[in-house]
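Have a look at the structure below, then the notes.
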Amino acid sequence: MNKDKELDKILSEINSGLTGDSEKDIAFLNEQSKKYKKHKYSKEILRACGRLMYDVVPDDIRKKLDKVANDHFSKIEDSLNQAEQFLFKKDFNKALKLLEDLVFELDENQPYRDDEVSEYYNFEEYFEEVLFKELNNPEKEIRRVPVPYTRIYNMYGYTLYELDNFDEAKKCLEIGLGWNPVSFKLMSEYIEILKIKGDLENFFKLTINSFKIAFRPQNVARCFRNLGYYFAEKELYSETKAAYIMSLQFERNSEQALKELYYIDEKTNHKLEKPPIEKFKEYSEQYGFPIGVDLNVLNLAYQCGIKSLENKNPDGARYFFSILYDLTHDPEIKAALDKLPEPDSEK
């Protein structure tokens, strides 16, 4: 019997032993936890028993457990908000100390570890999880971690970056990307460090890859600005101009893009014309980046919006179609959004 079938058989037997009587089920799950304590899949089985235990305990106990968890997460949020205040005041050393203590405490009491049946991630919004599954086709069950690791490691990496500790910032962001591989915030900070360190080819490679996880207009704009920087460093000024012009399609008032376009015009004595659309397509094919938004992102948002409509989930449809409309300004998508009931109007 292979490991997946063996584990499935054990978990199925445990589930089938539940009666619906909380007292009996708690005793049964405790027995199962002891029975499989030394089993080769003990970690997976004990976790499954723990999840089932939460479901079968009486409501008053569940409320107490929820309160303990909520108090814990509130303390984390308080620490992050305080660190954010320090960062706002540019007091990076105080922010660093606070974040170091928080990460140390979380590492010491880490309950979330991948096992044979589950992988644990901290997605900040639902489309990140949808994208992750689409891009990676995971075989294990994806479980969302309530600890805000994405925010923690983004702030931690940014603080180290501001203190010019680029190597540690890079390591920190790599840990964060382990918790959320499709976080554009984490990835863009990581790419920025490659830029600072002069690792131009990896900077370019990851910029191309980051289009796959860019589903907000400002993020697509940043991808194109990164391409513009790369092309400028390579003295490919026609490509540079094309990239910055494209970035303005998604973030019209970007001072950085406008400033860079002015610099290119000065550099080329205003002799470089705006590339025609054929040139945009040529550069897209030559260098391997999309001419706008990654098509997979657009298709996924559309398909998820349609599925939400089919499932009579207007809030879900609004979420996915809003992502799509912000990226495309398609009037048909706007019309679909306008037909949806207002939030909570059905209640």
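Naming scheme: A, B, ... for chains in displayed order of the structure tokens; residues 1 onward per chain; ligands 1 onward as shown.
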
Could you pull out the helix (DSSP H, G or I) residues of stretch 63-175 of chain A, going by DSSP on the backbone, and write them as a ChimeraX atom specification?
/A:63-88,92-108,126-136,149-162,166-175

What would the file look like if the residues just selected were written as a CSV table (one decimal), in the first residue's frame with C-alpha atoms?
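File produced: result-v4.csv:
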```
chain,number,residue,atom,x,y,z
A,63,LYS,CA,-15.7,30.1,21.8
A,64,LYS,CA,-12.9,29.9,24.5
A,65,LEU,CA,-10.5,28.5,21.9
A,66,ASP,CA,-11.5,31.2,19.4
A,67,LYS,CA,-10.9,33.9,22.1
A,68,VAL,CA,-7.4,32.6,22.8
A,69,ALA,CA,-6.6,32.5,19.1
A,70,ASN,CA,-8.1,36.0,18.5
A,71,ASP,CA,-6.1,37.4,21.5
A,72,HIS,CA,-2.9,35.9,20.0
A,73,PHE,CA,-3.5,37.4,16.6
A,74,SER,CA,-4.5,40.8,18.1
A,75,LYS,CA,-1.1,40.9,19.8
A,76,ILE,CA,0.6,40.2,16.5
A,77,GLU,CA,-1.4,43.0,14.8
A,78,ASP,CA,-0.5,45.4,17.6
A,79,SER,CA,3.2,44.6,17.1
A,80,LEU,CA,2.9,45.1,13.4
A,81,ASN,CA,1.0,48.4,13.7
A,82,GLN,CA,3.6,49.6,16.1
A,83,ALA,CA,6.4,48.6,13.8
A,84,GLU,CA,4.6,50.4,11.0
A,85,GLN,CA,4.6,53.6,13.0
A,86,PHE,CA,8.3,53.3,13.6
A,87,LEU,CA,8.8,52.9,9.8
A,88,PHE,CA,6.6,55.9,9.1
A,92,PHE,CA,14.2,51.7,11.4
A,93,ASN,CA,16.2,50.3,14.3
A,94,LYS,CA,13.2,50.3,16.6
A,95,ALA,CA,11.1,48.7,13.9
A,96,LEU,CA,13.8,46.1,13.4
A,97,LYS,CA,13.9,45.1,17.1
A,98,LEU,CA,10.2,44.8,17.2
A,99,LEU,CA,10.0,42.6,14.1
A,100,GLU,CA,13.0,40.5,15.1
A,101,ASP,CA,11.3,39.7,18.4
A,102,LEU,CA,8.0,38.9,16.7
A,103,VAL,CA,9.6,36.5,14.2
A,104,PHE,CA,11.6,34.8,16.9
A,105,GLU,CA,8.5,34.2,19.0
A,106,LEU,CA,6.6,32.9,16.0
A,107,ASP,CA,9.5,30.6,15.0
A,108,GLU,CA,9.6,29.2,18.6
A,126,TYR,CA,-8.5,35.0,-2.4
A,127,PHE,CA,-7.2,35.6,-5.9
A,128,GLU,CA,-3.6,34.9,-4.7
A,129,GLU,CA,-4.7,31.4,-3.7
A,130,VAL,CA,-6.5,30.9,-7.0
A,131,LEU,CA,-3.4,32.0,-8.9
A,132,PHE,CA,-1.2,29.8,-6.8
A,133,LYS,CA,-3.3,26.7,-7.6
A,134,GLU,CA,-3.4,27.6,-11.3
A,135,LEU,CA,0.3,28.1,-11.5
A,136,ASN,CA,1.4,25.2,-9.4
A,149,TYR,CA,3.4,36.1,7.5
A,150,THR,CA,3.2,38.0,4.2
A,151,ARG,CA,2.9,41.3,6.0
A,152,ILE,CA,5.4,40.4,8.6
A,153,TYR,CA,8.2,39.4,6.2
A,154,ASN,CA,7.4,42.3,3.8
A,155,MET,CA,7.9,44.8,6.6
A,156,TYR,CA,10.9,42.9,8.0
A,157,GLY,CA,12.6,42.7,4.6
A,158,TYR,CA,11.8,46.4,3.9
A,159,THR,CA,13.3,47.4,7.2
A,160,LEU,CA,16.5,45.5,6.6
A,161,TYR,CA,16.6,47.1,3.1
A,162,GLU,CA,16.3,50.6,4.5
A,166,PHE,CA,20.6,43.7,1.6
A,167,ASP,CA,21.8,40.1,2.1
A,168,GLU,CA,19.6,39.6,5.2
A,169,ALA,CA,16.7,41.4,3.6
A,170,LYS,CA,17.0,39.0,0.6
A,171,LYS,CA,17.0,36.0,3.0
A,172,CYS,CA,14.0,37.4,4.9
A,173,LEU,CA,12.0,37.9,1.7
A,174,GLU,CA,12.8,34.4,0.5
A,175,ILE,CA,11.2,33.1,3.8
```

If DSSP is run on the backbone, what residues of stretch 101-154 of chain A are strand (DSSP E)? A reply as a VMD selection string would be ideal.
chain A and resid 118 to 121 141 to 144

Report, in Å to a single decimal, how far apart atom CA of A:Ser254 and atom CA of A:Asn299 are.
27.0 Å

If we count only C-alpha atoms, what is near A:Cys49 at a cut-off of 9 Å, once residues fewer than 6 positions away on the same chain are taken out, given as an MDAnalysis selection string?
chainID A and resid 11 14 29:30 32:33

Could you write those residues out with C-alpha atoms, as a PDB file, in the first residue's frame?
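Written output follows (part_18.pdb):
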```pdb
ATOM      1  CA  LEU A  11      -8.077   9.166   8.189  1.00  0.00           C
ATOM      2  CA  ILE A  14     -11.095   7.934  12.072  1.00  0.00           C
ATOM      3  CA  LEU A  29     -10.219  11.294  19.007  1.00  0.00           C
ATOM      4  CA  ASN A  30      -7.995  11.317  22.101  1.00  0.00           C
ATOM      5  CA  GLN A  32      -6.799   7.818  18.109  1.00  0.00           C
ATOM      6  CA  SER A  33      -4.177  10.462  18.865  1.00  0.00           C
TER       7      SER A  33
END
```
